[in-house]
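Scroll down for the structure; my scribbles are underneath it.
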Amino acid sequence: MTGVFQNLIVLSIACVLFISNARPQQELSPSSPRAGNVDPFAAALRFEAGPVVDVIPGSMAVIVIDPAWNLKLSGSPSVRLDDGRTLIATLRSLVVRPSRVAPAWIGDPGEWSTTDIVQSVAGPDEVAFTADVLALELPADGIGQGVWIDGERIGLNWLKSSPMLAALSQRQGLEWPAMLTQAQREDVNLMNLLAPLSRSPMTRWRYRLLTDGLAPSPEARTARVQFDDPVLEALAEQQESAWRHGLAKIKEVGPIAPHADVAMQITRSLTQIVEITDDDRVQRLPCWNDHAPTINQLLSDLVASSLKPEEAAKRARGFGELSPRLIAWVVDDAASLHPVARVALPRIGAMNLSDRSTTLSAQIVDRSGRGGSPGNDLRVLPSRHGNFVSDLLPAPGTDLTAAPTMVLDAGLFKAQAQIQGAPISVSPPGLLMSGFLREWRQEDLIRESPQPRTQPGITATLSFRSATQGDDSPDSPSGWVLLCERQASILGRTSGAESFTLVWGPRQAESTITITREGDAGNTAARSVTDAAGNWFVEVLLPRRAVDEDGLAQIGVVWSSGDGVRASWPRSMLPQDASPGRALLNLGSW
């Protein structure tokens with residue numbers, strides 16, 4: 001069960017099912033009867049002391065049962081409103097399993113279902129989260145009342161229904177624009193990254209905010225992706241209604257002088273798409289703040305009946321301030337090699353997540369602060385855009401062995417990324433490449449210090465063997481051998497066509513060899529072997545042209561599961577990256 005999957009489910013449940021209206025909260029005890037194997041979720045999931053649940057008049061409400069309530073519920077529990085009316089109620093178990101496909105850039109949405117109440121939870125590889133839920137059919141005229149479940153009163157925060165919001169929007173001229181542009185809608189890669197949002201009742205609200213603005217109109221409701229399970233559909237609609245209600249609340253306020261429209265600012269923050277330009281290619285990525293506590297607090301402020309719209313808008317205005325404004329990460333430590341200085345020239349990614357364009361400068365400094373390039377790479381980086389800084393030569397005197405850092409300066413905002421400045425010396429018995437890194441995930445990249453995730457079970461070793469006798473042509477063996485291993489005991493078996501790809505040479509003139517489990521027909525420089533235990537080994541002979549006359553080689557390696565999971569060395573890749581970063585290796589010191 002991946003950390004990405006855990007975080008997404010925790011975020012979803014914590015942000016939506018239990019909205020705090022400035023009330024004290026208590027944590028679900030990991031030792032409670034239903035916590036079982038879901039301790040990672042129990043540690044972050046919070047229930048309210050004296051619960052208040054957001055509901056919509058005339059619809060099905062879904063209430064998660066806190067084990068601490070000690071309710072003696074049966075299959076047909078007795079449920080009534082404050083006025084004594086009995087409600088139709090169904091008790092179900094909410095079950096979330098990890099998706100069978102690879103986790104997406106925005107995280108694994110999980111596979112959601114409801115079942116009859118179960119007394120035990122399956123193993124952690126089968127079920128990631130479970131909770132008992134009560135589905136209630138609420139009357140349209142119950143506004144203001146609470147509900148009694150087995151003698152326990154649950155407060156209800158009655159939200160405006162979609163028809164009510166549609167009428168309000170028409171009366172006050174409130175707009176609900178879709179946040180995706182036409183170009184973004186036509187970007188297949190982007191829409192594939194966004195698609196998982198629609199598969200979870202906890203995240204469909206954001207998908208609708210992107211595609212139809214979460215508009216309360218009947219047309220938008222009929223066009224949405226719906227769940228076959230009525231409880232899951234009610235859960236998704238309950239989620240959407242909370243956000244729709246909260247956004248409508250601050251839409252009524254309008255701009256707060258001297259600030260722009262707060263509702264639009266918040267909506268942009270929740271649906272931010274960054275366009276990263278690489279020459280004539282554009283890579284579009286969702287890049288929004290998914291930090292559970294801040295999302296939870298934002299929604300709490302928006303729907304709190306105790307907060308006036310003006311106060312809710314003022315609190316919401318600070319939401320976007322909590323995210324980094326400028327992000328920098330290392331794409332490639334040795335994208336090219338300076339022909340005279342013979343030093344690696346790195347490639348650094350930069351994203352401007354702020355609301356304004358900025359002028360970006362870059363320089364390389366060492367640990368002592370020496371450095372700074374006399375020819376700083378100046379460029380204008382528009383709002384919510386990304387670009388790359390390449391071919392920046394360190395200033396004379398910069399100590400490339402002393403943790404050199406690329407510093408990006410955008411005036412009010414600064415970011416930095418540590419690079420591998422000096423060549424990596426390869427000495428006997430060889431270089432162990434144990435730090436394979438998975439593709440970047442949004443939550444790992446969009447932070448002040450981006451940190452990729454490692455991929456256990458994948459290693460590679462570069463070592464020297466006696467050079468094969470033969471000609472001195474560029475394609476003849478150099479004597480250097482890359483041995484890649486994929487461990488079955490850690491990764492199991494995959495249904496996809498796995499592969500290893502070795503990349504060498506400068507980024508603009510790279511060469512590659514790709515090997516699958518079936519091998520590379522006709523390529524005598526590579527060999528593929530799978531042992532009885534299922535471990536897979538790939539052996540690649542580096543050609544002479546991969547190593548220059550000074551014994552320097554620019555090397556990168558990518559492993560692909562074949563079903564959507566990639567890991568690379570020495571740097572992590574973005575979802576749409578075709579080529580990995582590479583390290584500058586000094587093979588002449590062997």
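Each chain in the structure tokens gets a letter, A, B and so on, in the order shown; residues start at 1 in every chain, and ligands are counted from 1 in the order they appear.
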
I want to know what sits within 9 Å of Arg582 (chain A), based on only C-alpha atoms, with residues of the same chain fewer than 6 positions away left out; could you give that as a list in words?
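Here the qualifying residues turn out to be Val331, Asp332, Asp333, Ala334, Ala335, Val503, Trp504, Gly505, Pro506, Arg507, Gln554, Ile555, Gly556, Val557, Trp569, Pro570 and Arg571 of chain A.
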
Could you pull the residues within 10 Å of Leu322 (chain A), counting only C-alpha atoms, minus those fewer than 5 positions along the same chain, as a list in words?
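The residues satisfying every condition are Asn289, His291 and Thr294 of chain A.
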
Quick one: residues within 8 Å of region 82-89 of chain A, only C-alpha atoms counted, chain neighbours fewer than 6 positions away excluded, as a list in words?
Ser76, Leu134, Ala135, Leu136, Glu137, Leu138, Gln145, Gly146, Val147 and Trp148 of chain A

Dump of all heavy atoms for the selected residues, as a PDB file, in the first residue's frame:
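Saved to part.pdb:
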```
ATOM      1  N   SER A  76     -31.061  -2.633  10.522  1.00  0.00           N
ATOM      2  CA  SER A  76     -32.103  -1.626  10.279  1.00  0.00           C
ATOM      3  C   SER A  76     -32.206  -0.738  11.515  1.00  0.00           C
ATOM      4  O   SER A  76     -33.109  -0.898  12.349  1.00  0.00           O
ATOM      5  CB  SER A  76     -33.449  -2.306   9.984  1.00  0.00           C
ATOM      6  OG  SER A  76     -33.361  -3.128   8.853  1.00  0.00           O
ATOM      7  N   LEU A 134     -23.769   5.266   7.686  1.00  0.00           N
ATOM      8  CA  LEU A 134     -25.219   5.229   7.756  1.00  0.00           C
ATOM      9  C   LEU A 134     -25.759   6.155   6.676  1.00  0.00           C
ATOM     10  O   LEU A 134     -25.428   7.348   6.645  1.00  0.00           O
ATOM     11  CB  LEU A 134     -25.690   5.689   9.134  1.00  0.00           C
ATOM     12  CG  LEU A 134     -27.150   5.395   9.505  1.00  0.00           C
ATOM     13  CD1 LEU A 134     -27.409   3.890   9.523  1.00  0.00           C
ATOM     14  CD2 LEU A 134     -27.489   6.008  10.854  1.00  0.00           C
ATOM     15  N   ALA A 135     -26.561   5.605   5.771  1.00  0.00           N
ATOM     16  CA  ALA A 135     -27.162   6.391   4.694  1.00  0.00           C
ATOM     17  C   ALA A 135     -28.601   6.712   5.073  1.00  0.00           C
ATOM     18  O   ALA A 135     -29.400   5.801   5.326  1.00  0.00           O
ATOM     19  CB  ALA A 135     -27.106   5.619   3.383  1.00  0.00           C
ATOM     20  N   LEU A 136     -28.921   8.008   5.110  1.00  0.00           N
ATOM     21  CA  LEU A 136     -30.234   8.475   5.553  1.00  0.00           C
ATOM     22  C   LEU A 136     -30.935   9.218   4.434  1.00  0.00           C
ATOM     23  O   LEU A 136     -30.325  10.020   3.728  1.00  0.00           O
ATOM     24  CB  LEU A 136     -30.100   9.427   6.751  1.00  0.00           C
ATOM     25  CG  LEU A 136     -29.221   9.007   7.924  1.00  0.00           C
ATOM     26  CD1 LEU A 136     -29.157  10.145   8.936  1.00  0.00           C
ATOM     27  CD2 LEU A 136     -29.788   7.759   8.566  1.00  0.00           C
ATOM     28  N   GLU A 137     -32.224   8.967   4.292  1.00  0.00           N
ATOM     29  CA  GLU A 137     -33.036   9.736   3.350  1.00  0.00           C
ATOM     30  C   GLU A 137     -33.619  10.925   4.103  1.00  0.00           C
ATOM     31  O   GLU A 137     -34.470  10.762   4.987  1.00  0.00           O
ATOM     32  CB  GLU A 137     -34.150   8.869   2.765  1.00  0.00           C
ATOM     33  CG  GLU A 137     -33.669   7.730   1.884  1.00  0.00           C
ATOM     34  CD  GLU A 137     -33.124   8.217   0.547  1.00  0.00           C
ATOM     35  OE1 GLU A 137     -33.293   9.418   0.237  1.00  0.00           O
ATOM     36  OE2 GLU A 137     -32.533   7.395  -0.184  1.00  0.00           O
ATOM     37  N   LEU A 138     -33.146  12.135   3.783  1.00  0.00           N
ATOM     38  CA  LEU A 138     -33.574  13.337   4.503  1.00  0.00           C
ATOM     39  C   LEU A 138     -34.724  14.029   3.794  1.00  0.00           C
ATOM     40  O   LEU A 138     -34.717  14.149   2.558  1.00  0.00           O
ATOM     41  CB  LEU A 138     -32.406  14.314   4.633  1.00  0.00           C
ATOM     42  CG  LEU A 138     -31.214  13.851   5.471  1.00  0.00           C
ATOM     43  CD1 LEU A 138     -30.103  14.892   5.392  1.00  0.00           C
ATOM     44  CD2 LEU A 138     -31.625  13.622   6.919  1.00  0.00           C
ATOM     45  N   GLN A 145     -32.922  20.874  11.882  1.00  0.00           N
ATOM     46  CA  GLN A 145     -33.018  19.804  12.863  1.00  0.00           C
ATOM     47  C   GLN A 145     -31.740  18.967  12.891  1.00  0.00           C
ATOM     48  O   GLN A 145     -30.940  18.969  11.964  1.00  0.00           O
ATOM     49  CB  GLN A 145     -34.216  18.904  12.545  1.00  0.00           C
ATOM     50  CG  GLN A 145     -35.548  19.619  12.567  1.00  0.00           C
ATOM     51  CD  GLN A 145     -36.690  18.639  12.499  1.00  0.00           C
ATOM     52  OE1 GLN A 145     -36.807  17.736  13.333  1.00  0.00           O
ATOM     53  NE2 GLN A 145     -37.562  18.811  11.507  1.00  0.00           N
ATOM     54  N   GLY A 146     -31.594  18.218  13.991  1.00  0.00           N
ATOM     55  CA  GLY A 146     -30.559  17.208  14.117  1.00  0.00           C
ATOM     56  C   GLY A 146     -31.189  15.842  13.953  1.00  0.00           C
ATOM     57  O   GLY A 146     -32.408  15.713  13.725  1.00  0.00           O
ATOM     58  N   VAL A 147     -30.355  14.799  14.042  1.00  0.00           N
ATOM     59  CA  VAL A 147     -30.847  13.446  13.873  1.00  0.00           C
ATOM     60  C   VAL A 147     -30.399  12.602  15.060  1.00  0.00           C
ATOM     61  O   VAL A 147     -29.300  12.781  15.601  1.00  0.00           O
ATOM     62  CB  VAL A 147     -30.343  12.847  12.536  1.00  0.00           C
ATOM     63  CG1 VAL A 147     -28.838  12.673  12.550  1.00  0.00           C
ATOM     64  CG2 VAL A 147     -31.025  11.537  12.222  1.00  0.00           C
ATOM     65  N   TRP A 148     -31.276  11.689  15.494  1.00  0.00           N
ATOM     66  CA  TRP A 148     -30.991  10.808  16.630  1.00  0.00           C
ATOM     67  C   TRP A 148     -30.747   9.400  16.110  1.00  0.00           C
ATOM     68  O   TRP A 148     -31.586   8.830  15.411  1.00  0.00           O
ATOM     69  CB  TRP A 148     -32.151  10.814  17.621  1.00  0.00           C
ATOM     70  CG  TRP A 148     -32.313  12.134  18.316  1.00  0.00           C
ATOM     71  CD1 TRP A 148     -32.948  13.237  17.854  1.00  0.00           C
ATOM     72  CD2 TRP A 148     -31.786  12.467  19.603  1.00  0.00           C
ATOM     73  NE1 TRP A 148     -32.871  14.267  18.748  1.00  0.00           N
ATOM     74  CE2 TRP A 148     -32.165  13.819  19.851  1.00  0.00           C
ATOM     75  CE3 TRP A 148     -31.052  11.791  20.576  1.00  0.00           C
ATOM     76  CZ2 TRP A 148     -31.824  14.491  21.017  1.00  0.00           C
ATOM     77  CZ3 TRP A 148     -30.717  12.441  21.740  1.00  0.00           C
ATOM     78  CH2 TRP A 148     -31.096  13.776  21.960  1.00  0.00           C
TER      79      TRP A 148
END
```

Can you tell me which residues surround Thr454 (chain A) at a distance of at most 9 Å, considering only C-alpha atoms, apart from same-chain residues fewer than 5 positions away, and format the answer as a ChimeraX atom specification?
/A:435-438,567,572

Only all heavy atoms, please: the residues just picked out, written as a PDB file, in the first residue's frame.
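Output (selection_7.pdb):
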```pdb
ATOM      1  N   GLY A 435      20.036   4.003  -5.882  1.00  0.00           N
ATOM      2  CA  GLY A 435      19.019   5.004  -5.590  1.00  0.00           C
ATOM      3  C   GLY A 435      18.092   5.284  -6.749  1.00  0.00           C
ATOM      4  O   GLY A 435      17.927   6.441  -7.155  1.00  0.00           O
ATOM      5  N   PHE A 436      17.442   4.261  -7.315  1.00  0.00           N
ATOM      6  CA  PHE A 436      16.462   4.507  -8.373  1.00  0.00           C
ATOM      7  C   PHE A 436      15.277   5.256  -7.784  1.00  0.00           C
ATOM      8  O   PHE A 436      14.815   4.944  -6.679  1.00  0.00           O
ATOM      9  CB  PHE A 436      16.008   3.190  -9.003  1.00  0.00           C
ATOM     10  CG  PHE A 436      16.883   2.730 -10.131  1.00  0.00           C
ATOM     11  CD1 PHE A 436      18.150   2.228  -9.890  1.00  0.00           C
ATOM     12  CD2 PHE A 436      16.454   2.825 -11.448  1.00  0.00           C
ATOM     13  CE1 PHE A 436      18.967   1.802 -10.925  1.00  0.00           C
ATOM     14  CE2 PHE A 436      17.262   2.418 -12.495  1.00  0.00           C
ATOM     15  CZ  PHE A 436      18.530   1.907 -12.243  1.00  0.00           C
ATOM     16  N   LEU A 437      14.783   6.237  -8.520  1.00  0.00           N
ATOM     17  CA  LEU A 437      13.728   7.116  -8.025  1.00  0.00           C
ATOM     18  C   LEU A 437      12.487   6.987  -8.896  1.00  0.00           C
ATOM     19  O   LEU A 437      12.571   6.959 -10.127  1.00  0.00           O
ATOM     20  CB  LEU A 437      14.202   8.574  -8.032  1.00  0.00           C
ATOM     21  CG  LEU A 437      15.454   8.858  -7.193  1.00  0.00           C
ATOM     22  CD1 LEU A 437      15.937  10.279  -7.437  1.00  0.00           C
ATOM     23  CD2 LEU A 437      15.167   8.636  -5.710  1.00  0.00           C
ATOM     24  N   ARG A 438      11.327   6.930  -8.250  1.00  0.00           N
ATOM     25  CA  ARG A 438      10.080   6.835  -8.988  1.00  0.00           C
ATOM     26  C   ARG A 438       9.762   8.178  -9.653  1.00  0.00           C
ATOM     27  O   ARG A 438      10.320   9.213  -9.300  1.00  0.00           O
ATOM     28  CB  ARG A 438       8.936   6.439  -8.057  1.00  0.00           C
ATOM     29  CG  ARG A 438       9.106   5.067  -7.456  1.00  0.00           C
ATOM     30  CD  ARG A 438       7.836   4.578  -6.816  1.00  0.00           C
ATOM     31  NE  ARG A 438       6.791   4.341  -7.808  1.00  0.00           N
ATOM     32  CZ  ARG A 438       5.693   3.649  -7.564  1.00  0.00           C
ATOM     33  NH1 ARG A 438       5.479   3.150  -6.358  1.00  0.00           N
ATOM     34  NH2 ARG A 438       4.781   3.474  -8.499  1.00  0.00           N
ATOM     35  N   ALA A 567      10.907   4.116 -12.859  1.00  0.00           N
ATOM     36  CA  ALA A 567      11.922   4.577 -11.908  1.00  0.00           C
ATOM     37  C   ALA A 567      13.199   4.820 -12.689  1.00  0.00           C
ATOM     38  O   ALA A 567      13.493   4.117 -13.664  1.00  0.00           O
ATOM     39  CB  ALA A 567      12.150   3.544 -10.806  1.00  0.00           C
ATOM     40  N   SER A 572      14.720  11.718 -10.693  1.00  0.00           N
ATOM     41  CA  SER A 572      13.333  11.384 -10.970  1.00  0.00           C
ATOM     42  C   SER A 572      12.865  12.096 -12.236  1.00  0.00           C
ATOM     43  O   SER A 572      13.395  13.143 -12.610  1.00  0.00           O
ATOM     44  CB  SER A 572      12.472  11.803  -9.776  1.00  0.00           C
ATOM     45  OG  SER A 572      11.172  11.289  -9.874  1.00  0.00           O
TER      46      SER A 572
END
```

Neighbour list for Arg92 (chain A) as JSON, numbers by chain, cut-off 7 Å, only C-alpha atoms, skip fewer than 4 positions in-chain
{"A": [114, 115, 116, 117, 132, 133, 134]}

Taking N, CA and C atoms for each residue, export the selection above as a compact mmCIF listing (two decimals), in the first residue's frame.
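Saved result, out.txt, follows:
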```txt
# COMPACT_ATOMS: atom_id res chain seq x y z
N THR A 114 -19.30 -0.26 -1.30
CA THR A 114 -19.95 -0.46 0.00
C THR A 114 -20.48 -1.88 0.04
N THR A 115 -20.46 -2.45 1.23
CA THR A 115 -20.92 -3.83 1.43
C THR A 115 -21.76 -3.89 2.69
N ASP A 116 -22.33 -5.05 2.95
CA ASP A 116 -22.96 -5.28 4.24
C ASP A 116 -21.91 -5.13 5.33
N ILE A 117 -22.35 -4.81 6.54
CA ILE A 117 -21.41 -4.61 7.65
C ILE A 117 -20.54 -5.84 7.85
N ASP A 132 -17.78 2.09 8.97
CA ASP A 132 -19.23 1.91 8.91
C ASP A 132 -19.88 3.24 8.58
N VAL A 133 -20.83 3.22 7.68
CA VAL A 133 -21.55 4.45 7.31
C VAL A 133 -23.05 4.21 7.39
N LEU A 134 -23.77 5.27 7.69
CA LEU A 134 -25.22 5.23 7.76
C LEU A 134 -25.76 6.16 6.68
```

With distances taken over only C-alpha atoms, which of A:Ile63, A:Val303, A:Val565, A:Val79 is nearest to Glu439 (chain A)?
A:Val565

Residues near Lys249 (chain A), anyone? I mean within 12 Å using only C-alpha atoms, not counting same-chain ones fewer than 6 positions away, as a PyMOL selection string.
chain A and resi 159-160+165+168-169+172+174+241-243+262-263+299+301-305+307-314+316

Quote the spacing between CA of Val407 (chain A) and CA of Ala328 (chain A) in Å to one decimal place.
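Separation of CA of Val407 (chain A) and CA of Ala328 (chain A): 8.6 Å.
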